[in-house]
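Visitor: Mind looking over this structure? Questions follow.
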Amino acid sequence: SYRVLVTVVYTIANLIILLLGAGVLSIGVVGVVLVNDVFSASDYILFANTFFIVVTFIGVFITLLCLLAIVGTYATYCSNENSVLKGVAICLLVTATSGMLIMLIGQFIGVLVAYIYRAQLEDTFTSSVLTFFDDTYENNPRGIDEVIIPIQKFFDCCGATGPEDYAGISEVGLNNSLPEGCCRFVSPNCTLGGDSSLYRSEGCAMLVVGLIVAYFDAILGVGVAILVVSIIAVVMPLFLMCCIAFTKSDGVKF
């Protein structure tokens with residue numbers, strides 16, 4: 001029947017969004033833990049904490065909505081002759097659908113803003129990463145060891161825009177020396193103007209921005225796909241609620 005098909009599609013859509021919510025929640029929780037553990041003395045602590053707390057809240061919101069939707073869907077099949085259970089099922093579906101609609105509007109705005117301001121992405125991101133690197137090297141030695149050096153080694157990069165970023169940083173720029181994370185090998189010759197094969201020459205911000213720009217259409221496509229799944233999660237429960245209403249009024253089952 002159509003009702004079974006709608007239920008299956010709706011459940012699959014909710015499971016996909018549930019995985020998305022769990023992923024967002026995980027990023028938020030891990031981010032809060034890392035920020036408080038590594039950057040406790042940094043000027044970024046308040047901003048970073050706020051950002052990851054908001055991400056955590058969004059993850060919890062999405063996860064709860066999906067659980068409500070799944071429970072509400074199951075309740076529709078257990079409510080054939082029980083008016084109380086029918087009311088509970090409709091209440092759960094209405095709550096989940098309302099939340100999904102809010103999320104859908106937010107996603108649409110996010111995709112639209114990302115598309116409109118894609119040209120400003122490189123400058124904004126590069127500037128932010130450069131400021132972050134400078135501040136960490138000047139004020140947060142632990143952040144150097146636990147964040148920046150692993151980033152530089154993982155992405156095979158140095159500084160925000162390149163090794164030259166460290167020329168003006170007093171803590172690491174003496175005698176044109178480069179920090180450990182920039183050097184491919186431990187060597188006293190790992191310096192600006194020295195043998196370029198000894199250090200990573202591409203900036204981390206430039207590298208990441210380049211990847212984002214190169215795969216921007218793919219990232220935008222994923223955003224649109226999530227948007228479509230969210231539309232399904234908003235439209236399908238309306239059909240299920242109609243099924244409950246018709247079953248209640250005249251005994252017709254779909």
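Each chain of the structure tokens is named A, B, ... in the order shown, its residues numbered from 1; ligands are numbered from 1 in display order.
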Could you pull out the residues in range 16-238 of chain A that DSSP calls alpha helix (DSSP H) from the backbone, as a PyMOL selection string?

Guide: chain A and resi 16-38+45-77+83-116+121-139+141-143+149-155+204-214+216-238

Visitor: Skip Leu220 in chain A itself and residues of its chain fewer than 6 positions away, then list as a PyMOL selection string all residues within 10 Å of it, counting only C-alpha atoms.

Guide: chain A and resi 111-112+114-115+226

Visitor: Dump N, CA and C atoms for the selected residues as a PDB file, in the first residue's frame?

Guide:
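Output (part_15.pdb):
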```pdb
ATOM      1  N   VAL A 111      22.691  26.954   2.563  1.00  0.00           N
ATOM      2  CA  VAL A 111      23.122  26.637   1.190  1.00  0.00           C
ATOM      3  C   VAL A 111      23.131  27.892   0.330  1.00  0.00           C
ATOM      4  N   LEU A 112      22.103  28.713   0.480  1.00  0.00           N
ATOM      5  CA  LEU A 112      22.000  29.949  -0.314  1.00  0.00           C
ATOM      6  C   LEU A 112      23.129  30.917   0.014  1.00  0.00           C
ATOM      7  N   ALA A 114      26.052  30.157   1.343  1.00  0.00           N
ATOM      8  CA  ALA A 114      27.313  29.569   0.882  1.00  0.00           C
ATOM      9  C   ALA A 114      27.507  29.795  -0.615  1.00  0.00           C
ATOM     10  N   TYR A 115      26.428  29.703  -1.376  1.00  0.00           N
ATOM     11  CA  TYR A 115      26.529  29.900  -2.819  1.00  0.00           C
ATOM     12  C   TYR A 115      26.799  31.363  -3.158  1.00  0.00           C
ATOM     13  N   ILE A 226      21.066  16.782   1.295  1.00  0.00           N
ATOM     14  CA  ILE A 226      20.515  16.800   2.655  1.00  0.00           C
ATOM     15  C   ILE A 226      19.230  17.619   2.688  1.00  0.00           C
TER      16      ILE A 226
END
```

Visitor: Find, counting only C-alpha atoms, the residue in A:Val224, A:Thr7, A:Ala48, A:Leu19 that gets nearest to Ala75 in chain A.

Guide: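 Ranking A:Val224, A:Thr7, A:Ala48, A:Leu19 by distance to Ala75 in chain A, first place goes to A:Thr7.
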
Visitor: Using only C-alpha atoms, find the one residue out of A:Thr131, A:Ser83, A:Ser230, A:Ser177 that sits nearest to Phe108 in chain A.

Guide: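 Smallest separation from Phe108 in chain A among the options: A:Ser230.
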
Visitor: When DSSP is applied to the backbone of this structure, which of range 18-239 of chain A are assigned strand (DSSP E or B)? Write them out as a list of chain:residue names.

Guide: A:Ser177, A:Cys183, A:Thr191, A:Tyr199

Visitor: Residues of the last selection are to be written out with all heavy atoms, as a compact mmCIF listing (two decimals), in the first residue's frame.

Guide:
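The new file part22.txt reads:
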```
# COMPACT_ATOMS: atom_id res chain seq x y z
N SER A 177 64.77 30.81 11.55
CA SER A 177 64.49 29.40 11.82
C SER A 177 63.00 29.13 11.70
O SER A 177 62.17 30.02 11.89
CB SER A 177 64.95 29.03 13.24
OG SER A 177 64.25 29.78 14.21
N CYS A 183 59.27 21.60 9.38
CA CYS A 183 60.46 20.91 8.88
C CYS A 183 60.16 19.44 8.57
O CYS A 183 59.56 18.74 9.39
CB CYS A 183 61.59 20.99 9.90
SG CYS A 183 62.10 22.69 10.27
N THR A 191 65.63 26.52 7.58
CA THR A 191 65.43 27.95 7.78
C THR A 191 64.88 28.59 6.50
O THR A 191 65.04 28.03 5.41
CB THR A 191 66.75 28.65 8.15
OG1 THR A 191 67.69 28.45 7.07
CG2 THR A 191 67.33 28.10 9.43
N TYR A 199 61.86 21.87 4.26
CA TYR A 199 60.64 22.33 4.92
C TYR A 199 59.45 22.35 3.95
O TYR A 199 59.61 22.34 2.74
CB TYR A 199 60.84 23.73 5.52
CG TYR A 199 61.25 24.81 4.55
CD1 TYR A 199 60.32 25.49 3.77
CD2 TYR A 199 62.59 25.18 4.42
CE1 TYR A 199 60.69 26.48 2.89
CE2 TYR A 199 62.98 26.18 3.53
CZ TYR A 199 62.02 26.83 2.77
OH TYR A 199 62.40 27.82 1.90
```

Visitor: What is the distance between CA of Ile149 in chain A and CA of Val35 in chain A, in Å to one decimal?

Guide: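 That distance, rounded to one decimal, is 16.1 Å.
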
Visitor: Might you pull out every residue within 12 Å of Glu202 in chain A, with only C-alpha atoms counted and same-chain residues fewer than 6 positions away left off, and present them as a PyMOL selection string?

Guide: chain A and resi 152-153+155-165+182-183+196+208-210

Visitor: Quick check, in Å to one decimal: how far apart do CA of Leu101 in chain A and CA of Ile17 in chain A lie?

Guide: 13.1 Å

Visitor: Counting only C-alpha atoms, figure out which residue out of A:Leu34, A:Leu25, A:Ile70, A:Cys242 gets nearest to Val8 in chain A.

Guide: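 Answer, going by the shortest atom-to-atom distance: A:Ile70.
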
Visitor: Extract, using only C-alpha atoms, all DNA, RNA and protein residues at most 12 Å from Gly194 in chain A, discarding same-chain residues fewer than 4 positions from it, and format them as an MDAnalysis selection string.

Guide: chainID A and resid 163 175:178 183 187:190 198:201

Visitor: Which neighbours of Ile231 in chain A fall inside 10 Å, counting only C-alpha atoms, when residues of the same chain fewer than 2 positions from it are skipped, and could you give them as an mmCIF file with N, CA, C and O atoms, in the first residue's frame?

Guide:
```
data_model
loop_
_atom_site.group_PDB
_atom_site.id
_atom_site.type_symbol
_atom_site.label_atom_id
_atom_site.label_comp_id
_atom_site.auth_asym_id
_atom_site.auth_seq_id
_atom_site.Cartn_x
_atom_site.Cartn_y
_atom_site.Cartn_z
ATOM 1 N N ALA A 13 14.601 8.333 5.449
ATOM 2 C CA ALA A 13 15.001 9.736 5.496
ATOM 3 C C ALA A 13 15.374 10.136 6.919
ATOM 4 O O ALA A 13 16.380 10.838 7.145
ATOM 5 N N THR A 97 7.712 17.182 12.654
ATOM 6 C CA THR A 97 7.590 17.886 11.372
ATOM 7 C C THR A 97 7.849 19.378 11.539
ATOM 8 O O THR A 97 8.503 20.003 10.691
ATOM 9 N N MET A 100 11.539 19.769 11.888
ATOM 10 C CA MET A 100 12.180 19.526 10.593
ATOM 11 C C MET A 100 11.998 20.725 9.663
ATOM 12 O O MET A 100 12.897 21.055 8.876
ATOM 13 N N LEU A 101 10.834 21.356 9.750
ATOM 14 C CA LEU A 101 10.579 22.535 8.917
ATOM 15 C C LEU A 101 11.530 23.674 9.290
ATOM 16 O O LEU A 101 12.075 24.347 8.414
ATOM 17 N N MET A 103 14.478 23.281 10.651
ATOM 18 C CA MET A 103 15.790 22.840 10.186
ATOM 19 C C MET A 103 15.911 23.011 8.676
ATOM 20 O O MET A 103 16.975 23.406 8.159
ATOM 21 N N LEU A 104 14.816 22.722 7.949
ATOM 22 C CA LEU A 104 14.809 22.856 6.497
ATOM 23 C C LEU A 104 15.051 24.310 6.087
ATOM 24 O O LEU A 104 15.841 24.584 5.170
ATOM 25 N N ILE A 105 14.392 25.234 6.767
ATOM 26 C CA ILE A 105 14.581 26.663 6.473
ATOM 27 C C ILE A 105 16.033 27.069 6.743
ATOM 28 O O ILE A 105 16.650 27.780 5.947
ATOM 29 N N ALA A 225 21.559 17.649 -1.333
ATOM 30 C CA ALA A 225 21.018 16.305 -1.095
ATOM 31 C C ALA A 225 20.392 16.214 0.294
ATOM 32 O O ALA A 225 19.299 15.644 0.462
ATOM 33 N N ILE A 226 21.066 16.782 1.295
ATOM 34 C CA ILE A 226 20.515 16.800 2.655
ATOM 35 C C ILE A 226 19.230 17.619 2.688
ATOM 36 O O ILE A 226 18.267 17.288 3.390
ATOM 37 N N LEU A 227 19.208 18.674 1.887
ATOM 38 C CA LEU A 227 18.015 19.526 1.792
ATOM 39 C C LEU A 227 16.835 18.723 1.244
ATOM 40 O O LEU A 227 15.707 18.821 1.740
ATOM 41 N N VAL A 228 17.087 17.905 0.220
ATOM 42 C CA VAL A 228 16.030 17.079 -0.382
ATOM 43 C C VAL A 228 15.509 16.055 0.631
ATOM 44 O O VAL A 228 14.295 15.845 0.757
ATOM 45 N N VAL A 229 16.442 15.427 1.363
ATOM 46 C CA VAL A 229 16.038 14.453 2.391
ATOM 47 C C VAL A 229 15.177 15.138 3.457
ATOM 48 O O VAL A 229 14.192 14.580 3.939
ATOM 49 N N ALA A 233 11.358 14.519 4.769
ATOM 50 C CA ALA A 233 11.028 14.366 6.195
ATOM 51 C C ALA A 233 9.941 15.333 6.645
ATOM 52 O O ALA A 233 9.332 15.131 7.694
ATOM 53 N N VAL A 234 9.705 16.372 5.864
ATOM 54 C CA VAL A 234 8.633 17.327 6.189
ATOM 55 C C VAL A 234 7.323 16.931 5.516
ATOM 56 O O VAL A 234 6.248 17.045 6.119
ATOM 57 N N VAL A 235 7.405 16.432 4.289
ATOM 58 C CA VAL A 235 6.192 16.144 3.507
ATOM 59 C C VAL A 235 5.554 14.800 3.886
ATOM 60 O O VAL A 235 4.327 14.702 4.039
ATOM 61 N N MET A 236 6.367 13.767 4.064
ATOM 62 C CA MET A 236 5.832 12.421 4.288
ATOM 63 C C MET A 236 4.941 12.290 5.529
ATOM 64 O O MET A 236 3.899 11.620 5.476
#
```

Visitor: List the spatial neighbours of Ala89 in chain A as a ChimeraX atom specification - criterion: any atom at most 8 Å away, only C-alpha atoms, same-chain residues fewer than 6 positions off excluded.

Guide: /A:71-73,75-76,79

Visitor: Rounded to one decimal in Å, what is the spacing between CA of Asn139 in chain A and CA of Ile151 in chain A?

Guide: 17.9 Å
